[in-house]
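Visitor: Have a look at the structure that comes next, please.
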Amino acid sequence: EFAAEMCPDFSPESRGDASCVRYGHGQHRVVVWGDSHAIFFRSGVRPDPALSVFVLSHSSCPPIIDVIRHGGRPIEARNCRRIDETRRYAEFIRSLRPDQVFLMGRWPMYLRGRLRNDGQIDPDHFLADDTAGAANAATSQHVFVAGMKKTIEFLAAFTSVAVVEQVPELGVIGKDQRLFASAVPRRLIDAWHESEVVAFRRVEKATPFRIVRSG
């Protein structure tokens, strides 16, 4: 694996767990920006002398500019409780002069709520574009699409942008079936992720981008 080091000049104002880690010092610069799914990406980084890989992550907060998040644990909400917080991250990414940016996230969570391991949905982690009032699934879906369009347009002005599909979420399947079944019903997983597919289709109509399939 690459030796990890903290990104220079990254100083988020929030007191959440936002961080930026750099791997390598090659000329080709790649940025992975996302929530905790980007954190897990770190373990998959492999040495390549041609690459510099920057992983910018913040738990339970999507890589979408000009949004805030309602609900969930307070320390997680700190990562995007200010309307300008994620825009500051995007501007930091611009300062890195990357050749490619990948956006990663637990996308359905911001569209439908947090899916627990027992299959129940917590009505939180919804997005809003201001601090007034409470967010819900309907308003969050609107804000998600509008914010993602704005984010891709911002990034596409200086780099190539790709969005990584969320890996299949198994909370829609009963625990016993996950543990003992020889196969899982893909139709249930696809049904949960349909909100993500629909949202990205809406974004793509206005702002073309590349989608990286997760499997």
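Going through the structure tokens in order, the chains are called A, B, and so on, while each chain numbers its residues from 1 and the ligands are numbered from 1 in the order shown.
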Based on the backbone DSSP call, show me all residues of segment 1-211 of chain A assigned helix (DSSP H, G or I), as an MDAnalysis selection string.

Guide: chainID A and resid 36:44 74:80 85:95 107:112 137:156 170:172 175:180 186:206

Visitor: From a DSSP calculation on the backbone, collect every residue of segment 17-198 of chain A in strand (DSSP E or B) and output the set as a PyMOL selection string.

Guide: chain A and resi 19-23+28-34+51-57+68-69+100-104+114-115+121-122+127-128+160-164

Visitor: Find the residues around Gly26 of chain A up to 9 Å (only C-alpha atoms counted), leave out those fewer than 6 positions away in its own chain, and share them as number ranges by chain.

Guide: A: 48-53

Visitor: Name the residues in contact with Asp124 of chain A at a cut-off of 9 Å, using only C-alpha atoms, excluding same-chain residues fewer than 3 positions from it; report them as number ranges by chain.

Guide: A: 69-72, 109-110, 112-114, 121, 127, 135-137

Visitor: Please produce a file of those selected residues containing N, CA and C atoms, as a compact mmCIF listing (two decimals), in the first residue's frame.

Guide:
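Full text of selection_35.txt as output:
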# COMPACT_ATOMS: atom_id res chain seq x y z
N ARG A 69 -27.31 18.74 6.38
CA ARG A 69 -27.95 17.46 6.66
C ARG A 69 -28.65 17.49 7.98
N HIS A 70 -29.85 16.94 8.03
CA HIS A 70 -30.63 16.87 9.26
C HIS A 70 -30.56 15.46 9.85
N GLY A 71 -30.68 15.37 11.17
CA GLY A 71 -30.81 14.08 11.84
C GLY A 71 -29.51 13.33 11.98
N GLY A 72 -29.60 12.15 12.64
CA GLY A 72 -28.42 11.34 12.87
C GLY A 72 -27.64 11.81 14.08
N MET A 109 -29.27 6.68 1.32
CA MET A 109 -29.51 7.17 2.67
C MET A 109 -29.97 8.62 2.67
N TYR A 110 -29.45 9.41 1.73
CA TYR A 110 -29.83 10.82 1.66
C TYR A 110 -31.14 11.02 0.88
N ARG A 112 -33.75 8.37 0.95
CA ARG A 112 -34.85 7.62 1.54
C ARG A 112 -34.77 7.50 3.06
N GLY A 113 -33.61 7.82 3.64
CA GLY A 113 -33.40 7.62 5.08
C GLY A 113 -32.37 6.53 5.31
N ARG A 114 -31.97 6.37 6.56
CA ARG A 114 -30.90 5.41 6.88
C ARG A 114 -31.47 4.01 7.07
N ILE A 121 -36.14 1.58 8.52
CA ILE A 121 -35.60 2.83 8.00
C ILE A 121 -35.74 3.93 9.04
N LEU A 127 -31.40 15.83 3.38
CA LEU A 127 -30.68 17.04 3.00
C LEU A 127 -31.62 18.23 2.87
N ALA A 135 -36.19 18.61 7.22
CA ALA A 135 -36.14 17.98 5.91
C ALA A 135 -36.89 16.65 5.94
N ASN A 136 -37.35 16.20 4.80
CA ASN A 136 -37.98 14.90 4.67
C ASN A 136 -37.52 14.27 3.35
N ALA A 137 -38.03 13.07 3.05
CA ALA A 137 -37.56 12.36 1.86
C ALA A 137 -37.83 13.15 0.58

Visitor: Choose the residue, out of A:Asp35, A:Asp99, A:Asp84, A:Asp17, that has the smallest atom-to-atom separation from Val161 of chain A; count only C-alpha atoms.

Guide: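 Counting only C-alpha atoms, the residue closest to Val161 of chain A is A:Asp99.
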
Visitor: I want to know what sits within 12 Å of Leu155 of chain A, based on only C-alpha atoms, with residues of the same chain fewer than 5 positions away left out; could you give that as a PDB file with N, CA and C atoms, in the first residue's frame?

Guide:
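Wrote it out as out-v1.pdb, contents follow:
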ATOM      1  N   VAL A  31      -8.603  12.392  -7.088  1.00  0.00           N
ATOM      2  CA  VAL A  31      -9.269  12.704  -5.825  1.00  0.00           C
ATOM      3  C   VAL A  31     -10.497  11.815  -5.674  1.00  0.00           C
ATOM      4  N   TRP A  33     -13.706  11.739  -3.292  1.00  0.00           N
ATOM      5  CA  TRP A  33     -14.412  12.602  -2.339  1.00  0.00           C
ATOM      6  C   TRP A  33     -15.732  11.950  -1.964  1.00  0.00           C
ATOM      7  N   PRO A  63     -20.830  14.205  -0.719  1.00  0.00           N
ATOM      8  CA  PRO A  63     -19.973  15.156  -1.438  1.00  0.00           C
ATOM      9  C   PRO A  63     -20.811  16.006  -2.391  1.00  0.00           C
ATOM     10  N   ILE A  64     -21.670  16.817  -1.803  1.00  0.00           N
ATOM     11  CA  ILE A  64     -22.576  17.674  -2.561  1.00  0.00           C
ATOM     12  C   ILE A  64     -22.481  19.078  -1.978  1.00  0.00           C
ATOM     13  N   ILE A  65     -22.265  20.064  -2.822  1.00  0.00           N
ATOM     14  CA  ILE A  65     -22.046  21.417  -2.318  1.00  0.00           C
ATOM     15  C   ILE A  65     -23.366  22.108  -1.992  1.00  0.00           C
ATOM     16  N   ARG A  87     -18.870  23.187   0.117  1.00  0.00           N
ATOM     17  CA  ARG A  87     -18.297  24.023  -0.951  1.00  0.00           C
ATOM     18  C   ARG A  87     -16.825  24.317  -0.664  1.00  0.00           C
ATOM     19  N   TYR A  89     -14.821  22.298   0.783  1.00  0.00           N
ATOM     20  CA  TYR A  89     -14.107  21.081   0.401  1.00  0.00           C
ATOM     21  C   TYR A  89     -13.901  21.038  -1.114  1.00  0.00           C
ATOM     22  N   ALA A  90     -14.924  21.429  -1.866  1.00  0.00           N
ATOM     23  CA  ALA A  90     -14.811  21.435  -3.323  1.00  0.00           C
ATOM     24  C   ALA A  90     -13.749  22.429  -3.789  1.00  0.00           C
ATOM     25  N   GLU A  91     -13.690  23.567  -3.131  1.00  0.00           N
ATOM     26  CA  GLU A  91     -12.673  24.554  -3.484  1.00  0.00           C
ATOM     27  C   GLU A  91     -11.274  24.053  -3.132  1.00  0.00           C
ATOM     28  N   PHE A  92     -11.171  23.297  -2.039  1.00  0.00           N
ATOM     29  CA  PHE A  92      -9.879  22.686  -1.703  1.00  0.00           C
ATOM     30  C   PHE A  92      -9.478  21.691  -2.787  1.00  0.00           C
ATOM     31  N   ILE A  93     -10.430  20.902  -3.260  1.00  0.00           N
ATOM     32  CA  ILE A  93     -10.148  19.951  -4.336  1.00  0.00           C
ATOM     33  C   ILE A  93      -9.648  20.686  -5.570  1.00  0.00           C
ATOM     34  N   ARG A  94     -10.266  21.813  -5.904  1.00  0.00           N
ATOM     35  CA  ARG A  94      -9.802  22.595  -7.054  1.00  0.00           C
ATOM     36  C   ARG A  94      -8.343  23.019  -6.873  1.00  0.00           C
ATOM     37  N   SER A  95      -7.970  23.359  -5.651  1.00  0.00           N
ATOM     38  CA  SER A  95      -6.592  23.781  -5.397  1.00  0.00           C
ATOM     39  C   SER A  95      -5.579  22.658  -5.619  1.00  0.00           C
ATOM     40  N   LEU A  96      -6.048  21.413  -5.574  1.00  0.00           N
ATOM     41  CA  LEU A  96      -5.156  20.266  -5.799  1.00  0.00           C
ATOM     42  C   LEU A  96      -4.863  20.050  -7.279  1.00  0.00           C
ATOM     43  N   ARG A  97      -5.628  20.681  -8.167  1.00  0.00           N
ATOM     44  CA  ARG A  97      -5.488  20.549  -9.622  1.00  0.00           C
ATOM     45  C   ARG A  97      -5.543  19.072 -10.047  1.00  0.00           C
ATOM     46  N   PRO A  98      -6.614  18.396  -9.705  1.00  0.00           N
ATOM     47  CA  PRO A  98      -6.693  16.964 -10.030  1.00  0.00           C
ATOM     48  C   PRO A  98      -7.006  16.706 -11.502  1.00  0.00           C
ATOM     49  N   ASP A  99      -6.583  15.536 -11.967  1.00  0.00           N
ATOM     50  CA  ASP A  99      -6.924  15.083 -13.313  1.00  0.00           C
ATOM     51  C   ASP A  99      -8.259  14.338 -13.332  1.00  0.00           C
ATOM     52  N   GLN A 100      -8.651  13.804 -12.182  1.00  0.00           N
ATOM     53  CA  GLN A 100      -9.879  13.025 -12.089  1.00  0.00           C
ATOM     54  C   GLN A 100     -10.437  13.121 -10.673  1.00  0.00           C
ATOM     55  N   VAL A 101     -11.761  13.272 -10.556  1.00  0.00           N
ATOM     56  CA  VAL A 101     -12.429  13.253  -9.259  1.00  0.00           C
ATOM     57  C   VAL A 101     -13.508  12.178  -9.292  1.00  0.00           C
ATOM     58  N   PHE A 102     -13.505  11.329  -8.267  1.00  0.00           N
ATOM     59  CA  PHE A 102     -14.553  10.326  -8.083  1.00  0.00           C
ATOM     60  C   PHE A 102     -15.396  10.719  -6.873  1.00  0.00           C
ATOM     61  N   LEU A 103     -16.710  10.728  -7.037  1.00  0.00           N
ATOM     62  CA  LEU A 103     -17.631  11.014  -5.943  1.00  0.00           C
ATOM     63  C   LEU A 103     -18.201   9.692  -5.436  1.00  0.00           C
ATOM     64  N   MET A 148     -26.352  17.930  -6.612  1.00  0.00           N
ATOM     65  CA  MET A 148     -25.428  17.117  -7.393  1.00  0.00           C
ATOM     66  C   MET A 148     -25.146  17.760  -8.744  1.00  0.00           C
ATOM     67  N   LYS A 149     -26.170  18.340  -9.373  1.00  0.00           N
ATOM     68  CA  LYS A 149     -25.951  19.070 -10.625  1.00  0.00           C
ATOM     69  C   LYS A 149     -24.933  20.191 -10.412  1.00  0.00           C
ATOM     70  N   LYS A 150     -25.141  20.945  -9.354  1.00  0.00           N
ATOM     71  CA  LYS A 150     -24.249  22.074  -9.059  1.00  0.00           C
ATOM     72  C   LYS A 150     -22.824  21.594  -8.776  1.00  0.00           C
ATOM     73  N   SER A 160     -12.065  15.988 -14.769  1.00  0.00           N
ATOM     74  CA  SER A 160     -13.006  14.953 -15.195  1.00  0.00           C
ATOM     75  C   SER A 160     -13.710  14.393 -13.960  1.00  0.00           C
ATOM     76  N   VAL A 161     -15.027  14.164 -14.066  1.00  0.00           N
ATOM     77  CA  VAL A 161     -15.825  13.765 -12.903  1.00  0.00           C
ATOM     78  C   VAL A 161     -16.503  12.420 -13.166  1.00  0.00           C
ATOM     79  N   ALA A 162     -16.462  11.549 -12.161  1.00  0.00           N
ATOM     80  CA  ALA A 162     -17.184  10.284 -12.219  1.00  0.00           C
ATOM     81  C   ALA A 162     -17.870  10.060 -10.877  1.00  0.00           C
ATOM     82  N   VAL A 163     -19.057   9.470 -10.929  1.00  0.00           N
ATOM     83  CA  VAL A 163     -19.812   9.142  -9.722  1.00  0.00           C
ATOM     84  C   VAL A 163     -19.821   7.624  -9.564  1.00  0.00           C
ATOM     85  N   THR A 207     -26.639  17.513 -16.622  1.00  0.00           N
ATOM     86  CA  THR A 207     -25.192  17.603 -16.422  1.00  0.00           C
ATOM     87  C   THR A 207     -24.558  16.247 -16.674  1.00  0.00           C
ATOM     88  N   PHE A 209     -22.230  13.092 -16.911  1.00  0.00           N
ATOM     89  CA  PHE A 209     -21.079  12.642 -16.133  1.00  0.00           C
ATOM     90  C   PHE A 209     -20.961  11.140 -16.306  1.00  0.00           C
TER      91      PHE A 209
END

Visitor: Taking only C-alpha atoms into account, name the residue in A:His193, A:Arg88, A:Arg42, A:Ala3 that is nearest to Phe154 of chain A.

Guide: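 Going through A:His193, A:Arg88, A:Arg42, A:Ala3 one by one, the smallest distance to Phe154 of chain A is for A:Arg88.
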
Visitor: Could you jot down the atom CA of Leu111 of chain A to atom CA of Phe41 of chain A separation for me, Å, one decimal place?

Guide: 22.1 Å

Visitor: So the first atom is atom CA of Arg187 of chain A and the second is atom CA of His125 of chain A; what is the distance between them in Å, to one decimal place?

Guide: 24.6 Å

Visitor: Would you please work out which residue, of A:Asp190, A:Glu153, A:Asp9, A:Asp129, is nearest to Val203 of chain A when using only C-alpha atoms?

Guide: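 Checking each candidate against Val203 of chain A, we get A:Glu153 as the closest.
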
Visitor: Can you measure atom CA of Arg81 of chain A to atom CA of Ile39 of chain A for me? One decimal in Å is fine.

Guide: 19.7 Å

Visitor: Which residue gives the smallest distance to Ala146 of chain A among A:Ile211, A:Ile189, A:Ala206, A:Val21, with only C-alpha atoms counted?

Guide: A:Ala206
